[in-house]
file entry-v3.tsv (TSV, C-alpha atoms and all ligand atoms)
chain	number	residue	atom	x	y	z
A	1	MET	CA	23.99	-100.65	63.84
A	2	SER	CA	20.69	-101.73	62.34
A	3	VAL	CA	20.71	-103.32	58.90
A	4	LYS	CA	17.76	-103.22	56.52
A	5	THR	CA	17.63	-106.08	54.06
A	6	LEU	CA	16.15	-105.81	50.58
A	7	GLY	CA	13.33	-108.12	51.67
A	8	GLN	CA	12.41	-105.88	54.63
A	9	PHE	CA	12.66	-102.77	52.47
A	10	ILE	CA	10.39	-104.20	49.76
A	11	ILE	CA	7.72	-105.13	52.31
A	12	GLU	CA	7.85	-101.63	53.84
A	13	LYS	CA	7.53	-99.99	50.42
A	14	GLN	CA	4.59	-102.14	49.36
A	15	THR	CA	2.28	-99.59	51.01
A	16	ASP	CA	3.39	-97.11	48.29
A	17	PHE	CA	1.15	-99.14	45.97
A	18	PRO	CA	-2.24	-99.27	47.70
A	19	PHE	CA	-3.76	-101.83	45.32
A	20	SER	CA	-0.70	-104.00	45.24
A	21	LYS	CA	-1.13	-107.63	46.14
A	22	GLY	CA	2.57	-108.20	46.53
A	23	GLU	CA	3.31	-109.49	43.01
A	24	LEU	CA	5.88	-106.82	42.23
A	25	SER	CA	7.54	-107.41	45.60
A	26	ARG	CA	7.76	-111.12	44.85
A	27	LEU	CA	9.17	-110.43	41.39
A	28	LEU	CA	11.89	-108.22	42.88
A	29	ALA	CA	12.64	-110.97	45.38
A	30	ASP	CA	12.94	-113.49	42.51
A	31	ILE	CA	15.40	-111.17	40.77
A	32	SER	CA	17.51	-110.86	43.90
A	33	ILE	CA	17.75	-114.63	44.31
A	34	ALA	CA	18.84	-115.18	40.70
A	35	ALA	CA	21.32	-112.30	41.12
A	36	LYS	CA	22.93	-114.02	44.10
A	37	ILE	CA	23.33	-117.24	42.13
A	38	VAL	CA	24.85	-115.36	39.16
A	39	ASN	CA	27.14	-113.46	41.53
A	40	ARG	CA	28.38	-116.73	43.00
A	41	GLU	CA	29.31	-117.99	39.52
A	42	VAL	CA	30.82	-114.65	38.44
A	43	SER	CA	33.05	-114.60	41.49
A	44	LYS	CA	34.56	-117.97	40.58
A	45	ALA	CA	34.70	-117.35	36.83
A	46	GLY	CA	38.50	-117.56	36.76
A	47	LEU	CA	38.31	-121.09	38.12
A	48	VAL	CA	36.63	-122.28	34.92
A	49	ASP	CA	40.02	-122.91	33.36
A	50	ILE	CA	40.98	-125.13	36.27
A	51	LEU	CA	37.66	-126.93	36.55
A	52	GLY	CA	37.16	-127.43	32.82
A	53	GLU	CA	36.79	-125.17	29.81
A	54	THR	CA	33.52	-123.94	28.41
A	55	GLY	CA	31.77	-126.63	26.46
A	56	LYS	CA	33.70	-129.34	28.30
A	57	VAL	CA	32.72	-131.35	31.35
A	58	ASN	CA	33.98	-130.09	34.72
A	59	ILE	CA	35.18	-132.25	37.59
A	60	GLN	CA	31.66	-132.56	39.00
A	61	GLY	CA	30.64	-134.06	35.66
A	62	GLU	CA	28.57	-130.96	34.70
A	63	ARG	CA	28.96	-129.16	31.41
A	64	VAL	CA	30.57	-125.76	31.97
A	65	LYS	CA	28.45	-123.00	30.54
A	66	LYS	CA	29.44	-119.60	29.36
A	67	LEU	CA	28.50	-117.12	32.06
A	68	ASP	CA	26.11	-115.12	29.90
A	69	VAL	CA	24.23	-118.27	28.95
A	70	PHE	CA	24.23	-119.34	32.60
A	71	ALA	CA	22.91	-115.95	33.76
A	72	ASN	CA	20.15	-116.01	31.14
A	73	GLU	CA	19.06	-119.47	32.25
A	74	GLN	CA	19.08	-118.52	35.94
A	75	PHE	CA	16.91	-115.45	35.49
A	76	ILE	CA	14.48	-117.24	33.19
A	77	ALA	CA	14.22	-120.15	35.64
A	78	ALA	CA	13.57	-117.73	38.52
A	79	PHE	CA	10.82	-115.92	36.60
A	80	LYS	CA	9.17	-119.17	35.51
A	81	ALA	CA	9.25	-120.55	39.04
A	82	GLY	CA	8.01	-117.28	40.56
A	83	GLY	CA	4.95	-117.02	38.31
A	84	GLU	CA	4.79	-113.20	38.44
A	85	VAL	CA	5.46	-112.60	34.72
A	86	CYS	CA	3.65	-113.89	31.66
A	87	ALA	CA	6.54	-113.20	29.25
A	88	ILE	CA	10.27	-112.48	29.21
A	89	ALA	CA	12.33	-110.58	26.66
A	90	SER	CA	16.07	-111.19	26.90
A	91	GLU	CA	19.07	-109.88	25.00
A	92	GLU	CA	20.09	-113.52	24.65
A	93	ASN	CA	16.88	-114.64	22.90
A	94	ASP	CA	15.73	-113.54	19.44
A	95	ASP	CA	12.04	-113.79	20.39
A	96	ILE	CA	10.09	-113.30	23.58
A	97	ILE	CA	9.60	-116.24	25.90
A	98	SER	CA	5.87	-116.57	26.56
A	99	ILE	CA	4.94	-118.28	29.81
A	100	ASN	CA	1.68	-120.08	30.20
A	101	THR	CA	1.75	-122.11	33.37
A	102	ASP	CA	-0.88	-122.49	36.07
A	103	ILE	CA	0.93	-120.08	38.37
A	104	SER	CA	1.60	-117.45	35.68
A	105	LYS	CA	-1.80	-117.29	34.02
A	106	ASN	CA	-2.95	-114.32	36.08
A	107	ALA	CA	0.46	-112.63	36.06
A	108	LYS	CA	0.21	-108.86	35.58
A	109	TYR	CA	3.76	-108.19	34.49
A	110	VAL	CA	6.30	-108.80	31.74
A	111	ILE	CA	10.04	-108.38	32.20
A	112	ALA	CA	12.80	-107.39	29.79
A	113	ILE	CA	16.34	-108.27	30.78
A	114	ASP	CA	19.94	-108.06	29.72
A	115	PRO	CA	21.16	-110.97	31.86
A	116	LEU	CA	24.89	-110.21	31.62
A	117	ASP	CA	25.85	-106.85	30.20
A	118	GLY	CA	29.45	-105.98	29.38
A	119	SER	CA	30.19	-109.10	27.37
A	120	SER	CA	33.78	-108.09	26.57
A	121	ASN	CA	34.58	-108.02	30.29
A	122	ILE	CA	33.17	-111.40	31.32
A	123	ASP	CA	36.40	-113.36	30.91
A	124	VAL	CA	38.80	-110.74	32.24
A	125	ASN	CA	37.62	-110.16	35.82
A	126	VAL	CA	36.16	-106.72	35.20
A	127	SER	CA	32.78	-105.59	36.54
A	128	ILE	CA	29.72	-106.76	34.60
A	129	GLY	CA	26.01	-106.32	35.25
A	130	THR	CA	22.40	-107.32	34.77
A	131	ILE	CA	19.74	-104.82	33.69
A	132	PHE	CA	15.97	-105.32	34.01
A	133	SER	CA	12.78	-103.48	33.16
A	134	ILE	CA	9.26	-104.39	34.30
A	135	TYR	CA	6.01	-103.44	32.53
A	136	ARG	CA	2.38	-104.10	33.26
A	137	ARG	CA	1.03	-106.41	30.51
A	138	VAL	CA	-1.34	-104.93	27.95
A	139	SER	CA	-2.70	-108.29	26.78
A	140	LEU	CA	-5.59	-109.54	28.86
A	141	LYS	CA	-4.68	-113.05	29.97
A	142	GLY	CA	-2.76	-116.23	29.24
A	143	ALA	CA	0.77	-116.11	27.86
A	144	GLY	CA	2.28	-112.69	27.23
A	145	VAL	CA	2.71	-111.44	23.65
A	146	LEU	CA	5.12	-109.18	21.80
A	147	GLU	CA	2.74	-106.25	22.16
A	148	ASP	CA	3.23	-106.36	25.94
A	149	PHE	CA	6.79	-105.14	25.34
A	150	MET	CA	5.96	-102.47	22.77
A	151	GLN	CA	5.50	-99.82	25.48
A	152	ARG	CA	7.38	-96.62	26.08
A	153	GLY	CA	9.94	-96.27	28.84
A	154	THR	CA	7.53	-93.94	30.65
A	155	ASP	CA	5.26	-96.98	31.14
A	156	GLN	CA	7.86	-98.88	33.18
A	157	VAL	CA	6.63	-100.03	36.59
A	158	ALA	CA	10.09	-100.77	37.91
A	159	ALA	CA	13.65	-101.03	36.63
A	160	GLY	CA	17.03	-101.80	38.03
A	161	TYR	CA	20.46	-103.25	37.62
A	162	ILE	CA	22.81	-105.54	39.45
A	163	ILE	CA	26.51	-104.85	39.32
A	164	TYR	CA	28.93	-107.71	39.88
A	165	GLY	CA	31.93	-105.65	40.92
A	166	SER	CA	34.25	-105.27	43.86
A	167	SER	CA	31.03	-105.87	45.73
A	168	CYS	CA	27.68	-106.97	44.32
A	169	MET	CA	25.00	-104.28	44.33
A	170	LEU	CA	21.37	-104.16	43.33
A	171	VAL	CA	19.97	-100.72	42.44
A	172	TYR	CA	16.31	-100.26	41.56
A	173	THR	CA	13.44	-97.85	41.24
A	174	THR	CA	9.67	-98.20	41.22
A	175	GLY	CA	9.27	-94.55	40.27
A	176	LYS	CA	9.67	-93.26	43.82
A	177	GLY	CA	13.38	-92.61	43.97
A	178	VAL	CA	16.34	-94.92	43.61
A	179	ASN	CA	17.76	-97.19	46.28
A	180	GLY	CA	20.91	-99.29	46.29
A	181	PHE	CA	21.61	-102.51	48.19
A	182	THR	CA	24.97	-104.17	48.71
A	183	LEU	CA	25.25	-107.93	49.07
A	184	ASP	CA	26.72	-108.90	52.43
A	185	PRO	CA	28.22	-112.29	51.54
A	186	SER	CA	28.50	-113.29	55.21
A	187	ILE	CA	24.70	-113.33	55.60
A	188	GLY	CA	23.77	-113.73	51.92
A	189	GLU	CA	21.47	-110.67	51.96
A	190	PHE	CA	21.31	-107.47	49.97
A	191	CYS	CA	21.40	-104.67	52.59
A	192	LEU	CA	20.31	-101.08	52.08
A	193	SER	CA	23.58	-99.18	51.60
A	194	HIS	CA	22.61	-96.30	49.29
A	195	PRO	CA	19.17	-94.94	50.26
A	196	ASN	CA	17.52	-92.38	48.00
A	197	ILE	CA	20.37	-91.96	45.50
A	198	GLN	CA	20.59	-88.52	43.91
A	199	THR	CA	23.09	-87.98	41.13
A	200	PRO	CA	25.06	-84.68	41.14
A	201	LYS	CA	23.79	-82.09	38.63
A	202	LYS	CA	27.25	-82.11	37.08
A	203	GLY	CA	30.41	-84.09	37.50
A	204	ASN	CA	33.80	-84.25	35.87
A	205	VAL	CA	33.76	-87.65	34.19
A	206	TYR	CA	32.89	-88.49	30.60
A	207	SER	CA	32.52	-92.08	29.43
A	208	ILE	CA	32.59	-92.92	25.74
A	209	ASN	CA	34.47	-95.35	23.50
A	210	GLU	CA	36.89	-92.84	21.97
A	211	GLY	CA	38.27	-95.54	19.71
A	212	ASN	CA	35.27	-94.79	17.50
A	213	TYR	CA	36.22	-91.09	17.28
A	214	LEU	CA	36.60	-90.98	13.51
A	215	HIS	CA	33.06	-92.34	13.11
A	216	PHE	CA	31.41	-89.94	15.59
A	217	PRO	CA	29.05	-87.13	14.54
A	218	ASP	CA	30.62	-83.65	14.57
A	219	GLY	CA	28.54	-82.71	17.63
A	220	ILE	CA	30.27	-85.46	19.64
A	221	LYS	CA	33.74	-84.66	18.28
A	222	LYS	CA	33.32	-81.02	19.34
A	223	TYR	CA	31.84	-81.99	22.72
A	224	LEU	CA	34.84	-84.23	23.43
A	225	LYS	CA	37.23	-81.35	22.67
A	226	PHE	CA	35.14	-79.22	25.07
A	227	CYS	CA	35.54	-81.92	27.79
A	228	GLN	CA	39.31	-81.85	27.26
A	229	GLU	CA	39.74	-78.04	27.33
A	230	GLU	CA	41.32	-76.28	30.32
A	231	ASP	CA	38.75	-74.20	32.21
A	232	GLU	CA	39.10	-73.73	35.95
A	233	LEU	CA	35.60	-72.39	36.49
A	234	SER	CA	33.90	-75.49	35.11
A	235	ASN	CA	36.53	-77.89	36.44
A	236	ARG	CA	37.70	-78.93	32.98
A	237	PRO	CA	39.40	-80.93	31.64
A	238	TYR	CA	37.07	-83.72	32.72
A	239	SER	CA	38.43	-87.20	33.37
A	240	SER	CA	37.83	-89.91	30.81
A	241	ARG	CA	36.60	-93.18	32.37
A	242	TYR	CA	35.33	-96.02	30.18
A	243	ILE	CA	35.25	-99.62	31.34
A	244	GLY	CA	33.11	-101.00	28.53
A	245	SER	CA	30.51	-102.41	30.94
A	246	GLY	CA	27.60	-100.00	30.71
A	247	VAL	CA	26.30	-100.86	34.18
A	248	ALA	CA	29.68	-100.20	35.81
A	249	ASP	CA	30.33	-96.95	33.92
A	250	ILE	CA	26.82	-95.70	34.58
A	251	HIS	CA	26.81	-96.74	38.24
A	252	ARG	CA	30.06	-94.84	38.85
A	253	ASN	CA	28.73	-91.77	37.09
A	254	LEU	CA	25.42	-92.02	38.99
A	255	ILE	CA	27.26	-91.85	42.29
A	256	THR	CA	29.98	-89.31	41.44
A	257	GLY	CA	28.35	-87.33	38.60
A	258	GLY	CA	29.30	-87.68	34.96
A	259	ILE	CA	28.04	-88.46	31.49
A	260	TYR	CA	27.93	-91.72	29.53
A	261	ILE	CA	27.51	-91.48	25.77
A	262	TYR	CA	27.02	-94.19	23.17
A	263	PRO	CA	26.20	-92.12	20.08
A	264	THR	CA	25.37	-93.02	16.53
A	265	THR	CA	28.47	-93.75	14.49
A	266	THR	CA	28.89	-94.02	10.76
A	267	LYS	CA	29.21	-97.79	11.31
A	268	SER	CA	26.15	-98.05	13.64
A	269	PRO	CA	23.68	-95.39	12.50
A	270	ASN	CA	21.23	-96.28	15.30
A	271	GLY	CA	23.86	-96.56	18.02
A	272	LYS	CA	24.69	-99.86	19.68
A	273	LEU	CA	22.60	-100.10	22.83
A	274	ARG	CA	19.13	-101.61	22.99
A	275	LEU	CA	16.16	-99.52	23.98
A	276	LEU	CA	14.04	-102.11	25.77
A	277	TYR	CA	16.41	-103.74	28.23
A	278	GLU	CA	19.41	-101.38	28.34
A	279	CYS	CA	18.47	-97.75	27.67
A	280	ASN	CA	14.94	-97.50	29.09
A	281	PRO	CA	15.70	-99.07	32.48
A	282	LEU	CA	18.92	-97.07	32.87
A	283	ALA	CA	17.05	-93.92	31.82
A	284	PHE	CA	14.32	-94.57	34.42
A	285	ILE	CA	16.94	-94.92	37.15
A	286	LEU	CA	18.89	-91.83	36.11
A	287	GLU	CA	15.77	-89.69	35.85
A	288	GLN	CA	14.56	-90.88	39.24
A	289	ALA	CA	17.97	-89.90	40.65
A	290	GLY	CA	17.66	-86.39	39.17
A	291	GLY	CA	19.68	-87.05	36.00
A	292	LYS	CA	18.72	-87.15	32.32
A	293	ALA	CA	18.62	-89.64	29.46
A	294	SER	CA	18.35	-88.66	25.82
A	295	THR	CA	19.16	-89.73	22.30
A	296	GLY	CA	21.12	-86.49	21.94
A	297	GLY	CA	17.87	-84.68	21.13
A	298	LYS	CA	14.86	-86.63	22.41
A	299	ARG	CA	13.99	-88.08	25.80
A	300	ILE	CA	14.78	-91.83	25.80
A	301	MET	CA	11.73	-92.84	27.82
A	302	GLU	CA	9.32	-91.27	25.31
A	303	LEU	CA	10.68	-93.10	22.26
A	304	PRO	CA	8.18	-95.33	20.49
A	305	ILE	CA	9.31	-98.95	20.26
A	306	THR	CA	8.51	-101.14	17.30
A	307	GLU	CA	11.13	-103.89	17.56
A	308	LEU	CA	12.20	-106.05	20.47
A	309	HIS	CA	15.91	-105.49	19.95
A	310	GLN	CA	15.63	-101.88	18.73
A	311	ARG	CA	18.77	-99.76	19.14
A	312	THR	CA	19.14	-96.11	20.08
A	313	PRO	CA	21.94	-93.67	20.76
A	314	LEU	CA	22.24	-92.86	24.48
A	315	PHE	CA	23.32	-89.73	26.38
A	316	LEU	CA	22.92	-90.50	30.08
A	317	GLY	CA	23.96	-88.90	33.34
A	318	SER	CA	24.14	-85.63	35.24
A	319	SER	CA	21.44	-83.29	33.94
A	320	GLU	CA	23.63	-80.27	33.19
A	321	MET	CA	26.19	-82.42	31.35
A	322	VAL	CA	23.52	-84.09	29.20
A	323	ASP	CA	22.13	-80.62	28.39
A	324	VAL	CA	25.53	-79.35	27.25
A	325	ALA	CA	26.22	-82.46	25.13
A	326	GLN	CA	22.77	-82.05	23.52
A	327	ASP	CA	23.57	-78.40	22.76
A	328	PHE	CA	26.64	-79.56	20.82
A	329	MET	CA	24.49	-82.04	18.89
A	330	THR	CA	21.93	-79.34	18.09
A	331	LYS	CA	24.63	-76.96	16.94
A	332	TYR	CA	26.81	-79.30	14.87
A	333	SER	CA	24.77	-82.44	14.10
A	334	SER	CA	21.17	-81.30	14.00
A	335	ASP	CA	20.48	-83.66	11.07
A	336	LEU	CA	21.14	-86.63	13.39
A	337	ILE	CA	18.83	-85.80	16.30
B	401	LIG	P1	26.74	-106.05	25.43
B	401	LIG	O1	25.28	-106.14	25.84
B	401	LIG	O2	27.05	-106.90	24.25
B	401	LIG	O3	27.64	-106.32	26.58
B	401	LIG	O4	26.93	-104.54	24.92
B	401	LIG	C1	26.61	-103.48	25.77
B	401	LIG	C2	27.87	-102.83	26.19
B	401	LIG	C3	27.72	-101.82	27.28
B	401	LIG	O5	27.67	-102.42	28.52
B	401	LIG	C4	29.00	-101.05	27.08
B	401	LIG	O6	28.95	-99.75	27.63
B	401	LIG	C5	29.15	-101.02	25.60
B	401	LIG	O7	28.39	-102.11	25.11
B	401	LIG	C6	30.55	-101.20	25.15
B	401	LIG	O8	30.59	-101.22	23.78
B	401	LIG	P2	31.95	-100.92	22.98
B	401	LIG	O9	32.82	-102.10	23.21
B	401	LIG	O10	31.51	-100.76	21.56
B	401	LIG	O11	32.51	-99.65	23.54
B	402	MG	MG	24.00	-105.60	26.93

call {"tool": "encode", "arguments": {"input": "entry-v3.tsv", "output": "structure tokens"}}
result
Amino acid sequence: MSVKTLGQFIIEKQTDFPFSKGELSRLLADISIAAKIVNREVSKAGLVDILGETGKVNIQGERVKKLDVFANEQFIAAFKAGGEVCAIASEENDDIISINTDISKNAKYVIAIDPLDGSSNIDVNVSIGTIFSIYRRVSLKGAGVLEDFMQRGTDQVAAGYIIYGSSCMLVYTTGKGVNGFTLDPSIGEFCLSHPNIQTPKKGNVYSINEGNYLHFPDGIKKYLKFCQEEDELSNRPYSSRYIGSGVADIHRNLITGGIYIYPTTTKSPNGKLRLLYECNPLAFILEQAGGKASTGGKRIMELPITELHQRTPLFLGSSEMVDVAQDFMTKYSSDLI
């Protein structure tokens, strides 16, 4: 059986971009290397207690870092060394990190990243992920600036996620479909395992933190009751599946069909998730796979962005399921959309 590695695939696809000089390919390669390093640490996370607790010195004499801090440092180091981006925005950093080195001064791109998403699952051996979003810079040269990130999701050049789960997968799009690669640990390579992913038009899974039920808008409360009703024709009741790691919940729903919702709540009137490095990249992937991404009323990728860590409600998944959930919002919570 022939195996296609991520590296081979990227080189083949470079011809999709006739004026490309290989920078985007190199940036994707940098991401995959950092992902392998993070995966190595994630897979031995449980050993931290044996080797030395966070903040203490381990038996090799190194300080043990929290995994999210470690992941942030690895990705930033990879981007600085690669020289393909002139600025980084990370969930872990209040401000952008501008890069102005000799190798980055002609860089065309900026990258926004959530280095380790699913923070509540990091210490309990449950799948976590990395999400990234790449834009062409709008500033002319030198170090990147905040304005480079103030672009709509529709301006993304590429986006993807890595899931550190029962296996490690990298899924990405450059706007020409979605492809998934699984890390083969025996050869240390991401191998094409899910070519041209298409998400089913509908599924029977809904993913939402129902613990917040009392704080949900009426449209969501009614939609959840609809999901739970018996109806043979539409295969209801749907199954409820919520891990609390967005990447894992959304990856499962991408493959099997389903809907993920993080709505506004009375406690978080703008929702919880961040537009730049969580919602936009996931929206780009879902749309490229034939799904939909909305705020419950508006398309995520068309939202204007004015703040780096801006939040938005998110309805993401199989197109027909997102449509139905939006109908409930229009009918019962039109003031919120
Ligand atoms: P994080 O970036 O702090 O990890 O937050 C994002 C995560 C998503 O991955 C997940 O779907 C959601 O927040 C879970 O939030 P909650 O615990 O409120 O349900
Ligand atoms: Mg996050």

call {"tool": "residues_near_ligand", "arguments": {"input": "entry-v3.tsv", "ligand": "ligand MG 402 (chain B)", "cutoff": "8 Å", "atoms": "all atoms listed in the file", "output": "PDB file with C-alpha atoms, in the coordinates of the input"}}
result
ATOM      1  CA  GLU A  91      19.070-109.880  25.000  1.00  0.00           C
ATOM      2  CA  ASP A 114      19.940-108.060  29.720  1.00  0.00           C
ATOM      3  CA  PRO A 115      21.160-110.970  31.860  1.00  0.00           C
ATOM      4  CA  LEU A 116      24.890-110.210  31.620  1.00  0.00           C
ATOM      5  CA  ASP A 117      25.850-106.850  30.200  1.00  0.00           C
ATOM      6  CA  GLY A 118      29.450-105.980  29.380  1.00  0.00           C
ATOM      7  CA  SER A 119      30.190-109.100  27.370  1.00  0.00           C
ATOM      8  CA  GLY A 246      27.600-100.000  30.710  1.00  0.00           C
ATOM      9  CA  LEU A 273      22.600-100.100  22.830  1.00  0.00           C
ATOM     10  CA  ARG A 274      19.130-101.610  22.990  1.00  0.00           C
ATOM     11  CA  TYR A 277      16.410-103.740  28.230  1.00  0.00           C
ATOM     12  CA  GLU A 278      19.410-101.380  28.340  1.00  0.00           C
TER      13      GLU A 278
END

call {"tool": "residues_near_point", "arguments": {"input": "entry-v3.tsv", "point": "(37.9, -114.1, 34.2)", "cutoff": "8 Å", "atoms": "all atoms listed in the file", "output": "list in words"}}
result
Ala45, Gly46, Asn121, Ile122, Asp123, Val124, Asn125 and Val126 of chain A

call {"tool": "closest_residue", "arguments": {"input": "entry-v3.tsv", "among": "A:Leu316, A:Leu308, A:Cys279, A:Met169", "to": "Asn93 in chain A", "atoms": "only C-alpha atoms"}}
result
A:Leu308

call {"tool": "atom_distance", "arguments": {"input": "entry-v3.tsv", "atom1": "CA of Gly144 in chain A", "atom2": "CA of Gly271 in chain A"}}
result
28.5 Å

call {"tool": "closest_residue", "arguments": {"input": "entry-v3.tsv", "among": "A:Gly244, A:Gly257, A:Pro304, A:Pro185", "to": "Ser127 in chain A", "atoms": "only C-alpha atoms"}}
result
A:Gly244

call {"tool": "closest_residue", "arguments": {"input": "entry-v3.tsv", "among": "A:Pro281, A:Gly290, A:Pro217, A:Gly297", "to": "Tyr135 in chain A", "atoms": "only C-alpha atoms"}}
result
A:Pro281

call {"tool": "residues_around", "arguments": {"input": "entry-v3.tsv", "residues": "range 28-40 of chain A", "least_positions_apart": "5", "cutoff": "6 Å", "atoms": "all atoms listed in the file", "output": "number ranges by chain"}}
result
A: 71, 74-75, 78

call {"tool": "atom_distance", "arguments": {"input": "entry-v3.tsv", "atom1": "CA of Leu140 in chain A", "atom2": "CA of Arg299 in chain A"}}
result
29.2 Å

call {"tool": "closest_residue", "arguments": {"input": "entry-v3.tsv", "among": "A:Ile243, A:Leu6, A:Ala248, A:Leu24", "to": "Thr174 in chain A", "atoms": "only C-alpha atoms"}}
result
A:Leu24

call {"tool": "atom_distance", "arguments": {"input": "entry-v3.tsv", "atom1": "CA of Phe328 in chain A", "atom2": "CA of Lys225 in chain A"}}
result
10.9 Å

call {"tool": "closest_residue", "arguments": {"input": "entry-v3.tsv", "among": "A:Lys272, A:Lys331, A:His309, A:His251", "to": "ligand LIG 401 (chain B)", "atoms": "all atoms listed in the file"}}
result
A:Lys272

call {"tool": "closest_residue", "arguments": {"input": "entry-v3.tsv", "among": "A:Met301, A:Gly129, A:Asp323, A:Arg152", "to": "ligand LIG 401 (chain B)", "atoms": "only C-alpha atoms and all ligand atoms"}}
result
A:Gly129

call {"tool": "axis_aligned_box", "arguments": {"input": "entry-v3.tsv", "around": "range 318-328 of chain A", "padding_each_side": "3 Å", "output": "AutoDock Vina command-line options"}}
result
--center_x 24.0 --center_y -82.0 --center_z 28.0 --size_x 11.2 --size_y 13.2 --size_z 20.4

call {"tool": "residues_around", "arguments": {"input": "entry-v3.tsv", "residues": "Ile250 in chain A", "least_positions_apart": "6", "cutoff": "9 Å", "atoms": "all atoms listed in the file", "output": "number ranges by chain"}}
result
A: 207, 258-260, 282, 286, 316-317

call {"tool": "write_last_selection", "arguments": {"input": "entry-v3.tsv", "atoms": "C-alpha atoms", "output": "PDB file, keeping the file's coordinate frame"}}
result
ATOM      1  CA  SER A 207      32.520 -92.080  29.430  1.00  0.00           C
ATOM      2  CA  GLY A 258      29.300 -87.680  34.960  1.00  0.00           C
ATOM      3  CA  ILE A 259      28.040 -88.460  31.490  1.00  0.00           C
ATOM      4  CA  TYR A 260      27.930 -91.720  29.530  1.00  0.00           C
ATOM      5  CA  LEU A 282      18.920 -97.070  32.870  1.00  0.00           C
ATOM      6  CA  LEU A 286      18.890 -91.830  36.110  1.00  0.00           C
ATOM      7  CA  LEU A 316      22.920 -90.500  30.080  1.00  0.00           C
ATOM      8  CA  GLY A 317      23.960 -88.900  33.340  1.00  0.00           C
TER       9      GLY A 317
END

call {"tool": "residues_around", "arguments": {"input": "entry-v3.tsv", "residues": "Thr264 in chain A", "least_positions_apart": "2", "cutoff": "8 Å", "atoms": "only C-alpha atoms", "output": "ChimeraX atom specification"}}
result
/A:216-217,262,266,268-272,312-313

call {"tool": "residues_around", "arguments": {"input": "entry-v3.tsv", "residues": "Thr256 in chain A", "least_positions_apart": "2", "cutoff": "8 Å", "atoms": "only C-alpha atoms", "output": "VMD selection string"}}
result
chain A and resid 199 to 200 203 252 to 254 258

call {"tool": "residues_near_point", "arguments": {"input": "entry-v3.tsv", "point": "(38.5, -79.2, 32.9)", "cutoff": "12 Å", "atoms": "only C-alpha atoms", "output": "list of chain:residue names"}}
result
A:Gly203, A:Asn204, A:Val205, A:Tyr206, A:Leu224, A:Lys225, A:Phe226, A:Cys227, A:Gln228, A:Glu229, A:Glu230, A:Asp231, A:Glu232, A:Leu233, A:Ser234, A:Asn235, A:Arg236, A:Pro237, A:Tyr238, A:Ser239, A:Ser240
